[in-house]
Amino acid sequence: SKEVASKLRAQDHELDGRTIDIKPALPKDSDSSSRKLFVGGVSSDVTEDEFSNYFKEFGSVIQAQLILDRETGRSRGFGFVTFEDPTIADDVLDKSHELGGREMNVRIA
């Protein structure tokens, strides 16, 4: 259920001494492609929480992930956002976005 999934995501989880993120599995035949957005031009100062919270202002977010450099742990300047509702993703595509003093470019993933 959604309630269980949200409780699992609210907690930190470790596997083999590494912190892992809990994310919902989406079936291959789902309409997730129209709900998943690529976000480029993200400032390296923006945290994953800031990134996620920014997009939650538009509607229910299934997943928001900044891509990090494995060696340095710093943001690589892009990420992905998956919305629960495809119409919200469409609305986000129609707007301009700024976070951390930089304009971000958003397009379908």
# chains A, B, ... in the order shown; residues from 1 in each chain; ligands from 1
$ residues_around --residues "region 94-101 of chain A" --least-positions-apart "5" --cutoff "9 Å" --atoms "only C-alpha atoms" --output "VMD selection string"
chain A and resid 42 to 46 50 to 51 54 89 106
$ select_by_dssp --residues "chain A" --states "alpha helix (DSSP H)" --output "MDAnalysis selection string"
chainID A and resid 2:10 48:56 86:93
$ atom_distance --atom1 "CA of Met104 (chain A)" --atom2 "CA of Leu37 (chain A)"
11.9 Å
$ atom_distance --atom1 "CA of Gly41 (chain A)" --atom2 "CA of Asp69 (chain A)"
15.1 Å
$ residues_around --residues "Ala64 (chain A)" --least-positions-apart "4" --cutoff "12 Å" --atoms "only C-alpha atoms" --output "PDB file with all heavy atoms, in the first residue's frame"
ATOM      1  N   ARG A   9      10.111   4.648   2.906  1.00  0.00           N
ATOM      2  CA  ARG A   9      10.968   5.689   2.340  1.00  0.00           C
ATOM      3  C   ARG A   9      11.398   6.694   3.397  1.00  0.00           C
ATOM      4  O   ARG A   9      12.424   7.358   3.234  1.00  0.00           O
ATOM      5  CB  ARG A   9      10.259   6.401   1.188  1.00  0.00           C
ATOM      6  CG  ARG A   9      10.207   5.579  -0.079  1.00  0.00           C
ATOM      7  CD  ARG A   9       9.752   6.417  -1.237  1.00  0.00           C
ATOM      8  NE  ARG A   9       8.423   6.947  -1.013  1.00  0.00           N
ATOM      9  CZ  ARG A   9       7.339   6.616  -1.699  1.00  0.00           C
ATOM     10  NH1 ARG A   9       7.419   5.770  -2.676  1.00  0.00           N
ATOM     11  NH2 ARG A   9       6.170   7.130  -1.413  1.00  0.00           N
ATOM     12  N   ASP A  21      18.656   3.537  -0.859  1.00  0.00           N
ATOM     13  CA  ASP A  21      17.394   4.242  -1.017  1.00  0.00           C
ATOM     14  C   ASP A  21      16.311   3.239  -1.373  1.00  0.00           C
ATOM     15  O   ASP A  21      16.510   2.377  -2.223  1.00  0.00           O
ATOM     16  CB  ASP A  21      17.466   5.274  -2.149  1.00  0.00           C
ATOM     17  CG  ASP A  21      18.397   6.421  -1.826  1.00  0.00           C
ATOM     18  OD1 ASP A  21      18.456   6.805  -0.651  1.00  0.00           O
ATOM     19  OD2 ASP A  21      19.046   6.923  -2.754  1.00  0.00           O
ATOM     20  N   ILE A  22      15.177   3.375  -0.733  1.00  0.00           N
ATOM     21  CA  ILE A  22      14.015   2.553  -1.045  1.00  0.00           C
ATOM     22  C   ILE A  22      13.198   3.311  -2.078  1.00  0.00           C
ATOM     23  O   ILE A  22      12.825   4.460  -1.865  1.00  0.00           O
ATOM     24  CB  ILE A  22      13.161   2.292   0.216  1.00  0.00           C
ATOM     25  CG1 ILE A  22      13.993   1.606   1.294  1.00  0.00           C
ATOM     26  CG2 ILE A  22      11.920   1.502  -0.131  1.00  0.00           C
ATOM     27  CD1 ILE A  22      14.499   0.244   0.930  1.00  0.00           C
ATOM     28  N   LYS A  23      12.941   2.655  -3.221  1.00  0.00           N
ATOM     29  CA  LYS A  23      12.186   3.290  -4.295  1.00  0.00           C
ATOM     30  C   LYS A  23      11.139   2.315  -4.803  1.00  0.00           C
ATOM     31  O   LYS A  23      11.379   1.111  -4.844  1.00  0.00           O
ATOM     32  CB  LYS A  23      13.119   3.676  -5.436  1.00  0.00           C
ATOM     33  CG  LYS A  23      14.176   4.653  -4.998  1.00  0.00           C
ATOM     34  CD  LYS A  23      15.193   4.884  -6.057  1.00  0.00           C
ATOM     35  CE  LYS A  23      16.287   5.765  -5.485  1.00  0.00           C
ATOM     36  NZ  LYS A  23      17.514   5.667  -6.194  1.00  0.00           N
ATOM     37  N   PRO A  24       9.996   2.825  -5.201  1.00  0.00           N
ATOM     38  CA  PRO A  24       8.957   1.933  -5.694  1.00  0.00           C
ATOM     39  C   PRO A  24       9.344   1.326  -7.040  1.00  0.00           C
ATOM     40  O   PRO A  24       9.984   1.978  -7.868  1.00  0.00           O
ATOM     41  CB  PRO A  24       7.736   2.838  -5.843  1.00  0.00           C
ATOM     42  CG  PRO A  24       8.286   4.205  -5.973  1.00  0.00           C
ATOM     43  CD  PRO A  24       9.579   4.214  -5.207  1.00  0.00           C
ATOM     44  N   ARG A  35       5.690  10.149 -17.018  1.00  0.00           N
ATOM     45  CA  ARG A  35       5.710  10.783 -15.700  1.00  0.00           C
ATOM     46  C   ARG A  35       7.126  11.050 -15.218  1.00  0.00           C
ATOM     47  O   ARG A  35       7.340  11.748 -14.253  1.00  0.00           O
ATOM     48  CB  ARG A  35       5.003   9.888 -14.677  1.00  0.00           C
ATOM     49  CG  ARG A  35       3.541   9.684 -14.990  1.00  0.00           C
ATOM     50  CD  ARG A  35       2.885   8.826 -13.980  1.00  0.00           C
ATOM     51  NE  ARG A  35       3.428   7.470 -14.077  1.00  0.00           N
ATOM     52  CZ  ARG A  35       3.110   6.498 -13.247  1.00  0.00           C
ATOM     53  NH1 ARG A  35       2.279   6.711 -12.261  1.00  0.00           N
ATOM     54  NH2 ARG A  35       3.617   5.302 -13.397  1.00  0.00           N
ATOM     55  N   LYS A  36       8.123  10.455 -15.863  1.00  0.00           N
ATOM     56  CA  LYS A  36       9.507  10.610 -15.434  1.00  0.00           C
ATOM     57  C   LYS A  36      10.160  11.724 -16.235  1.00  0.00           C
ATOM     58  O   LYS A  36      10.119  11.729 -17.461  1.00  0.00           O
ATOM     59  CB  LYS A  36      10.284   9.309 -15.622  1.00  0.00           C
ATOM     60  CG  LYS A  36      11.692   9.367 -15.060  1.00  0.00           C
ATOM     61  CD  LYS A  36      12.346   8.011 -15.112  1.00  0.00           C
ATOM     62  CE  LYS A  36      13.707   8.041 -14.447  1.00  0.00           C
ATOM     63  NZ  LYS A  36      14.326   6.704 -14.430  1.00  0.00           N
ATOM     64  N   LEU A  37      10.773  12.662 -15.509  1.00  0.00           N
ATOM     65  CA  LEU A  37      11.385  13.819 -16.135  1.00  0.00           C
ATOM     66  C   LEU A  37      12.882  13.868 -15.843  1.00  0.00           C
ATOM     67  O   LEU A  37      13.318  13.537 -14.742  1.00  0.00           O
ATOM     68  CB  LEU A  37      10.734  15.108 -15.630  1.00  0.00           C
ATOM     69  CG  LEU A  37       9.226  15.226 -15.805  1.00  0.00           C
ATOM     70  CD1 LEU A  37       8.727  16.524 -15.188  1.00  0.00           C
ATOM     71  CD2 LEU A  37       8.847  15.134 -17.274  1.00  0.00           C
ATOM     72  N   PHE A  38      13.638  14.295 -16.829  1.00  0.00           N
ATOM     73  CA  PHE A  38      15.056  14.576 -16.669  1.00  0.00           C
ATOM     74  C   PHE A  38      15.181  16.037 -16.279  1.00  0.00           C
ATOM     75  O   PHE A  38      14.515  16.899 -16.861  1.00  0.00           O
ATOM     76  CB  PHE A  38      15.790  14.326 -17.984  1.00  0.00           C
ATOM     77  CG  PHE A  38      17.195  14.863 -17.988  1.00  0.00           C
ATOM     78  CD1 PHE A  38      18.237  14.120 -17.472  1.00  0.00           C
ATOM     79  CD2 PHE A  38      17.467  16.120 -18.504  1.00  0.00           C
ATOM     80  CE1 PHE A  38      19.536  14.620 -17.472  1.00  0.00           C
ATOM     81  CE2 PHE A  38      18.759  16.635 -18.513  1.00  0.00           C
ATOM     82  CZ  PHE A  38      19.790  15.873 -17.987  1.00  0.00           C
ATOM     83  N   VAL A  39      16.028  16.325 -15.299  1.00  0.00           N
ATOM     84  CA  VAL A  39      16.249  17.703 -14.860  1.00  0.00           C
ATOM     85  C   VAL A  39      17.746  17.989 -14.953  1.00  0.00           C
ATOM     86  O   VAL A  39      18.544  17.382 -14.246  1.00  0.00           O
ATOM     87  CB  VAL A  39      15.755  17.929 -13.409  1.00  0.00           C
ATOM     88  CG1 VAL A  39      15.936  19.378 -13.009  1.00  0.00           C
ATOM     89  CG2 VAL A  39      14.312  17.481 -13.244  1.00  0.00           C
ATOM     90  N   THR A  47      20.930  20.177  -2.452  1.00  0.00           N
ATOM     91  CA  THR A  47      20.904  18.848  -1.845  1.00  0.00           C
ATOM     92  C   THR A  47      19.746  18.037  -2.434  1.00  0.00           C
ATOM     93  O   THR A  47      18.830  18.592  -3.045  1.00  0.00           O
ATOM     94  CB  THR A  47      20.704  18.936  -0.319  1.00  0.00           C
ATOM     95  OG1 THR A  47      19.394  19.454  -0.048  1.00  0.00           O
ATOM     96  CG2 THR A  47      21.760  19.795   0.337  1.00  0.00           C
ATOM     97  N   GLU A  48      19.792  16.734  -2.222  1.00  0.00           N
ATOM     98  CA  GLU A  48      18.721  15.871  -2.728  1.00  0.00           C
ATOM     99  C   GLU A  48      17.379  16.229  -2.082  1.00  0.00           C
ATOM    100  O   GLU A  48      16.344  16.196  -2.734  1.00  0.00           O
ATOM    101  CB  GLU A  48      19.058  14.395  -2.508  1.00  0.00           C
ATOM    102  CG  GLU A  48      18.134  13.486  -3.283  1.00  0.00           C
ATOM    103  CD  GLU A  48      18.750  12.155  -3.660  1.00  0.00           C
ATOM    104  OE1 GLU A  48      19.883  11.855  -3.247  1.00  0.00           O
ATOM    105  OE2 GLU A  48      18.086  11.415  -4.381  1.00  0.00           O
ATOM    106  N   ASP A  49      17.402  16.612  -0.800  1.00  0.00           N
ATOM    107  CA  ASP A  49      16.164  17.022  -0.123  1.00  0.00           C
ATOM    108  C   ASP A  49      15.595  18.296  -0.740  1.00  0.00           C
ATOM    109  O   ASP A  49      14.388  18.401  -0.956  1.00  0.00           O
ATOM    110  CB  ASP A  49      16.401  17.239   1.376  1.00  0.00           C
ATOM    111  CG  ASP A  49      16.505  15.933   2.150  1.00  0.00           C
ATOM    112  OD1 ASP A  49      16.049  14.892   1.641  1.00  0.00           O
ATOM    113  OD2 ASP A  49      17.051  15.968   3.264  1.00  0.00           O
ATOM    114  N   GLU A  50      16.452  19.277  -1.016  1.00  0.00           N
ATOM    115  CA  GLU A  50      15.991  20.516  -1.645  1.00  0.00           C
ATOM    116  C   GLU A  50      15.406  20.226  -3.029  1.00  0.00           C
ATOM    117  O   GLU A  50      14.366  20.764  -3.406  1.00  0.00           O
ATOM    118  CB  GLU A  50      17.144  21.515  -1.774  1.00  0.00           C
ATOM    119  CG  GLU A  50      17.614  22.078  -0.457  1.00  0.00           C
ATOM    120  CD  GLU A  50      18.893  22.884  -0.584  1.00  0.00           C
ATOM    121  OE1 GLU A  50      19.754  22.565  -1.443  1.00  0.00           O
ATOM    122  OE2 GLU A  50      19.045  23.843   0.198  1.00  0.00           O
ATOM    123  N   PHE A  51      16.079  19.352  -3.776  1.00  0.00           N
ATOM    124  CA  PHE A  51      15.635  18.960  -5.109  1.00  0.00           C
ATOM    125  C   PHE A  51      14.256  18.307  -5.031  1.00  0.00           C
ATOM    126  O   PHE A  51      13.330  18.691  -5.731  1.00  0.00           O
ATOM    127  CB  PHE A  51      16.678  18.001  -5.694  1.00  0.00           C
ATOM    128  CG  PHE A  51      16.407  17.535  -7.096  1.00  0.00           C
ATOM    129  CD1 PHE A  51      16.613  18.373  -8.173  1.00  0.00           C
ATOM    130  CD2 PHE A  51      15.990  16.238  -7.344  1.00  0.00           C
ATOM    131  CE1 PHE A  51      16.396  17.939  -9.468  1.00  0.00           C
ATOM    132  CE2 PHE A  51      15.771  15.794  -8.632  1.00  0.00           C
ATOM    133  CZ  PHE A  51      15.979  16.644  -9.700  1.00  0.00           C
ATOM    134  N   SER A  52      14.120  17.347  -4.131  1.00  0.00           N
ATOM    135  CA  SER A  52      12.854  16.632  -3.959  1.00  0.00           C
ATOM    136  C   SER A  52      11.740  17.574  -3.495  1.00  0.00           C
ATOM    137  O   SER A  52      10.636  17.574  -4.050  1.00  0.00           O
ATOM    138  CB  SER A  52      13.043  15.497  -2.950  1.00  0.00           C
ATOM    139  OG  SER A  52      11.840  14.833  -2.721  1.00  0.00           O
ATOM    140  N   ASN A  53      12.027  18.382  -2.497  1.00  0.00           N
ATOM    141  CA  ASN A  53      11.015  19.305  -1.958  1.00  0.00           C
ATOM    142  C   ASN A  53      10.556  20.321  -2.994  1.00  0.00           C
ATOM    143  O   ASN A  53       9.385  20.700  -3.016  1.00  0.00           O
ATOM    144  CB  ASN A  53      11.536  20.014  -0.711  1.00  0.00           C
ATOM    145  CG  ASN A  53      11.668  19.078   0.469  1.00  0.00           C
ATOM    146  OD1 ASN A  53      10.998  18.047   0.542  1.00  0.00           O
ATOM    147  ND2 ASN A  53      12.548  19.416   1.393  1.00  0.00           N
ATOM    148  N   TYR A  54      11.470  20.753  -3.855  1.00  0.00           N
ATOM    149  CA  TYR A  54      11.098  21.708  -4.901  1.00  0.00           C
ATOM    150  C   TYR A  54      10.015  21.102  -5.797  1.00  0.00           C
ATOM    151  O   TYR A  54       9.000  21.739  -6.082  1.00  0.00           O
ATOM    152  CB  TYR A  54      12.321  22.094  -5.733  1.00  0.00           C
ATOM    153  CG  TYR A  54      11.960  22.976  -6.907  1.00  0.00           C
ATOM    154  CD1 TYR A  54      11.770  24.343  -6.747  1.00  0.00           C
ATOM    155  CD2 TYR A  54      11.762  22.432  -8.182  1.00  0.00           C
ATOM    156  CE1 TYR A  54      11.405  25.148  -7.807  1.00  0.00           C
ATOM    157  CE2 TYR A  54      11.404  23.236  -9.250  1.00  0.00           C
ATOM    158  CZ  TYR A  54      11.220  24.592  -9.057  1.00  0.00           C
ATOM    159  OH  TYR A  54      10.854  25.383 -10.117  1.00  0.00           O
ATOM    160  N   PHE A  55      10.205  19.875  -6.236  1.00  0.00           N
ATOM    161  CA  PHE A  55       9.252  19.260  -7.158  1.00  0.00           C
ATOM    162  C   PHE A  55       7.991  18.774  -6.448  1.00  0.00           C
ATOM    163  O   PHE A  55       6.937  18.677  -7.077  1.00  0.00           O
ATOM    164  CB  PHE A  55       9.924  18.157  -7.968  1.00  0.00           C
ATOM    165  CG  PHE A  55      10.839  18.720  -9.016  1.00  0.00           C
ATOM    166  CD1 PHE A  55      12.209  18.742  -8.828  1.00  0.00           C
ATOM    167  CD2 PHE A  55      10.322  19.270 -10.180  1.00  0.00           C
ATOM    168  CE1 PHE A  55      13.043  19.295  -9.782  1.00  0.00           C
ATOM    169  CE2 PHE A  55      11.149  19.834 -11.132  1.00  0.00           C
ATOM    170  CZ  PHE A  55      12.512  19.846 -10.939  1.00  0.00           C
ATOM    171  N   LYS A  56       8.067  18.515  -5.150  1.00  0.00           N
ATOM    172  CA  LYS A  56       6.864  18.130  -4.396  1.00  0.00           C
ATOM    173  C   LYS A  56       5.857  19.274  -4.327  1.00  0.00           C
ATOM    174  O   LYS A  56       4.681  19.041  -4.090  1.00  0.00           O
ATOM    175  CB  LYS A  56       7.235  17.673  -2.987  1.00  0.00           C
ATOM    176  CG  LYS A  56       7.836  16.291  -2.948  1.00  0.00           C
ATOM    177  CD  LYS A  56       8.211  15.887  -1.539  1.00  0.00           C
ATOM    178  CE  LYS A  56       8.865  14.514  -1.538  1.00  0.00           C
ATOM    179  NZ  LYS A  56       9.344  14.144  -0.201  1.00  0.00           N
ATOM    180  N   SER A  60       2.343  15.100  -6.121  1.00  0.00           N
ATOM    181  CA  SER A  60       2.887  13.892  -5.506  1.00  0.00           C
ATOM    182  C   SER A  60       4.045  13.312  -6.328  1.00  0.00           C
ATOM    183  O   SER A  60       3.892  12.991  -7.499  1.00  0.00           O
ATOM    184  CB  SER A  60       1.776  12.853  -5.364  1.00  0.00           C
ATOM    185  OG  SER A  60       2.264  11.704  -4.736  1.00  0.00           O
ATOM    186  N   PHE A  78      22.601  16.935 -12.582  1.00  0.00           N
ATOM    187  CA  PHE A  78      21.334  16.518 -13.166  1.00  0.00           C
ATOM    188  C   PHE A  78      20.670  15.471 -12.282  1.00  0.00           C
ATOM    189  O   PHE A  78      21.284  14.911 -11.369  1.00  0.00           O
ATOM    190  CB  PHE A  78      21.507  15.997 -14.598  1.00  0.00           C
ATOM    191  CG  PHE A  78      22.255  14.690 -14.711  1.00  0.00           C
ATOM    192  CD1 PHE A  78      21.574  13.486 -14.780  1.00  0.00           C
ATOM    193  CD2 PHE A  78      23.638  14.665 -14.766  1.00  0.00           C
ATOM    194  CE1 PHE A  78      22.257  12.285 -14.898  1.00  0.00           C
ATOM    195  CE2 PHE A  78      24.332  13.472 -14.881  1.00  0.00           C
ATOM    196  CZ  PHE A  78      23.635  12.279 -14.944  1.00  0.00           C
ATOM    197  N   GLY A  79      19.401  15.247 -12.552  1.00  0.00           N
ATOM    198  CA  GLY A  79      18.656  14.263 -11.785  1.00  0.00           C
ATOM    199  C   GLY A  79      17.386  13.870 -12.513  1.00  0.00           C
ATOM    200  O   GLY A  79      17.155  14.272 -13.664  1.00  0.00           O
ATOM    201  N   PHE A  80      16.562  13.080 -11.840  1.00  0.00           N
ATOM    202  CA  PHE A  80      15.308  12.599 -12.401  1.00  0.00           C
ATOM    203  C   PHE A  80      14.209  12.750 -11.376  1.00  0.00           C
ATOM    204  O   PHE A  80      14.439  12.599 -10.177  1.00  0.00           O
ATOM    205  CB  PHE A  80      15.431  11.122 -12.799  1.00  0.00           C
ATOM    206  CG  PHE A  80      16.454  10.883 -13.867  1.00  0.00           C
ATOM    207  CD1 PHE A  80      17.757  10.561 -13.536  1.00  0.00           C
ATOM    208  CD2 PHE A  80      16.119  10.992 -15.198  1.00  0.00           C
ATOM    209  CE1 PHE A  80      18.716  10.347 -14.519  1.00  0.00           C
ATOM    210  CE2 PHE A  80      17.063  10.789 -16.191  1.00  0.00           C
ATOM    211  CZ  PHE A  80      18.360  10.457 -15.848  1.00  0.00           C
ATOM    212  N   VAL A  81      13.002  13.040 -11.866  1.00  0.00           N
ATOM    213  CA  VAL A  81      11.826  13.152 -11.011  1.00  0.00           C
ATOM    214  C   VAL A  81      10.708  12.348 -11.662  1.00  0.00           C
ATOM    215  O   VAL A  81      10.470  12.484 -12.870  1.00  0.00           O
ATOM    216  CB  VAL A  81      11.364  14.614 -10.845  1.00  0.00           C
ATOM    217  CG1 VAL A  81      10.132  14.694  -9.959  1.00  0.00           C
ATOM    218  CG2 VAL A  81      12.458  15.470 -10.284  1.00  0.00           C
ATOM    219  N   THR A  82      10.038  11.502 -10.869  1.00  0.00           N
ATOM    220  CA  THR A  82       8.885  10.755 -11.362  1.00  0.00           C
ATOM    221  C   THR A  82       7.671  11.170 -10.552  1.00  0.00           C
ATOM    222  O   THR A  82       7.679  11.080  -9.320  1.00  0.00           O
ATOM    223  CB  THR A  82       9.101   9.233 -11.230  1.00  0.00           C
ATOM    224  OG1 THR A  82      10.308   8.884 -11.899  1.00  0.00           O
ATOM    225  CG2 THR A  82       7.941   8.462 -11.845  1.00  0.00           C
ATOM    226  N   PHE A  83       6.645  11.653 -11.239  1.00  0.00           N
ATOM    227  CA  PHE A  83       5.416  12.089 -10.596  1.00  0.00           C
ATOM    228  C   PHE A  83       4.380  10.979 -10.631  1.00  0.00           C
ATOM    229  O   PHE A  83       4.363  10.145 -11.540  1.00  0.00           O
ATOM    230  CB  PHE A  83       4.851  13.329 -11.294  1.00  0.00           C
ATOM    231  CG  PHE A  83       5.668  14.566 -11.057  1.00  0.00           C
ATOM    232  CD1 PHE A  83       6.638  14.954 -11.953  1.00  0.00           C
ATOM    233  CD2 PHE A  83       5.469  15.331  -9.917  1.00  0.00           C
ATOM    234  CE1 PHE A  83       7.403  16.086 -11.743  1.00  0.00           C
ATOM    235  CE2 PHE A  83       6.223  16.465  -9.684  1.00  0.00           C
ATOM    236  CZ  PHE A  83       7.197  16.834 -10.599  1.00  0.00           C
ATOM    237  N   GLU A  84       3.514  10.974  -9.635  1.00  0.00           N
ATOM    238  CA  GLU A  84       2.444   9.987  -9.572  1.00  0.00           C
ATOM    239  C   GLU A  84       1.436  10.213 -10.701  1.00  0.00           C
ATOM    240  O   GLU A  84       0.909   9.270 -11.261  1.00  0.00           O
ATOM    241  CB  GLU A  84       1.752  10.071  -8.210  1.00  0.00           C
ATOM    242  CG  GLU A  84       0.838   8.910  -7.925  1.00  0.00           C
ATOM    243  CD  GLU A  84       0.391   8.893  -6.490  1.00  0.00           C
ATOM    244  OE1 GLU A  84       1.237   9.022  -5.599  1.00  0.00           O
ATOM    245  OE2 GLU A  84      -0.819   8.750  -6.282  1.00  0.00           O
TER     246      GLU A  84
END
$ atom_distance --atom1 "CA of Pro86 (chain A)" --atom2 "CA of Arg107 (chain A)"
13.0 Å
$ select_by_dssp --residues "chain A" --states "strand (DSSP E)" --output "ChimeraX atom specification"
/A:13-15,18-20,36-40,61-68,75-83,97-99,102-108
$ decode --residues "region 73-93 of chain A" --atoms "N, CA and C atoms" --output "tab-separated table (two decimals), in the first residue's frame"
chain	number	residue	atom	x	y	z
A	73	GLY	N	30.98	12.27	-4.26
A	73	GLY	CA	29.69	12.39	-3.60
A	73	GLY	C	28.96	13.69	-3.94
A	74	ARG	N	29.55	14.50	-4.82
A	74	ARG	CA	28.93	15.76	-5.23
A	74	ARG	C	27.97	15.52	-6.39
A	75	SER	N	27.01	16.41	-6.50
A	75	SER	CA	26.03	16.33	-7.59
A	75	SER	C	26.72	16.47	-8.94
A	76	ARG	N	26.25	15.69	-9.91
A	76	ARG	CA	26.78	15.78	-11.28
A	76	ARG	C	26.01	16.82	-12.09
A	77	GLY	N	25.04	17.50	-11.46
A	77	GLY	CA	24.34	18.58	-12.12
A	77	GLY	C	23.05	18.17	-12.82
A	78	PHE	N	22.60	16.93	-12.58
A	78	PHE	CA	21.33	16.52	-13.17
A	78	PHE	C	20.67	15.47	-12.28
A	79	GLY	N	19.40	15.25	-12.55
A	79	GLY	CA	18.66	14.26	-11.78
A	79	GLY	C	17.39	13.87	-12.51
A	80	PHE	N	16.56	13.08	-11.84
A	80	PHE	CA	15.31	12.60	-12.40
A	80	PHE	C	14.21	12.75	-11.38
A	81	VAL	N	13.00	13.04	-11.87
A	81	VAL	CA	11.83	13.15	-11.01
A	81	VAL	C	10.71	12.35	-11.66
A	82	THR	N	10.04	11.50	-10.87
A	82	THR	CA	8.88	10.75	-11.36
A	82	THR	C	7.67	11.17	-10.55
A	83	PHE	N	6.65	11.65	-11.24
A	83	PHE	CA	5.42	12.09	-10.60
A	83	PHE	C	4.38	10.98	-10.63
A	84	GLU	N	3.51	10.97	-9.63
A	84	GLU	CA	2.44	9.99	-9.57
A	84	GLU	C	1.44	10.21	-10.70
A	85	ASP	N	1.20	11.46	-11.04
A	85	ASP	CA	0.19	11.82	-12.03
A	85	ASP	C	0.85	12.40	-13.28
A	86	PRO	N	0.63	11.81	-14.46
A	86	PRO	CA	1.25	12.33	-15.68
A	86	PRO	C	0.85	13.76	-16.01
A	87	THR	N	-0.32	14.21	-15.59
A	87	THR	CA	-0.73	15.59	-15.88
A	87	THR	C	0.14	16.58	-15.12
A	88	ILE	N	0.59	16.20	-13.93
A	88	ILE	CA	1.49	17.07	-13.16
A	88	ILE	C	2.83	17.19	-13.89
A	89	ALA	N	3.32	16.07	-14.40
A	89	ALA	CA	4.57	16.10	-15.16
A	89	ALA	C	4.44	17.03	-16.36
A	90	ASP	N	3.30	16.97	-17.04
A	90	ASP	CA	3.07	17.86	-18.18
A	90	ASP	C	3.09	19.33	-17.75
A	91	ASP	N	2.47	19.63	-16.60
A	91	ASP	CA	2.46	21.00	-16.08
A	91	ASP	C	3.87	21.48	-15.76
A	92	VAL	N	4.68	20.59	-15.17
A	92	VAL	CA	6.06	20.94	-14.82
A	92	VAL	C	6.87	21.24	-16.08
A	93	LEU	N	6.62	20.50	-17.15
A	93	LEU	CA	7.33	20.71	-18.41
A	93	LEU	C	7.04	22.09	-19.01
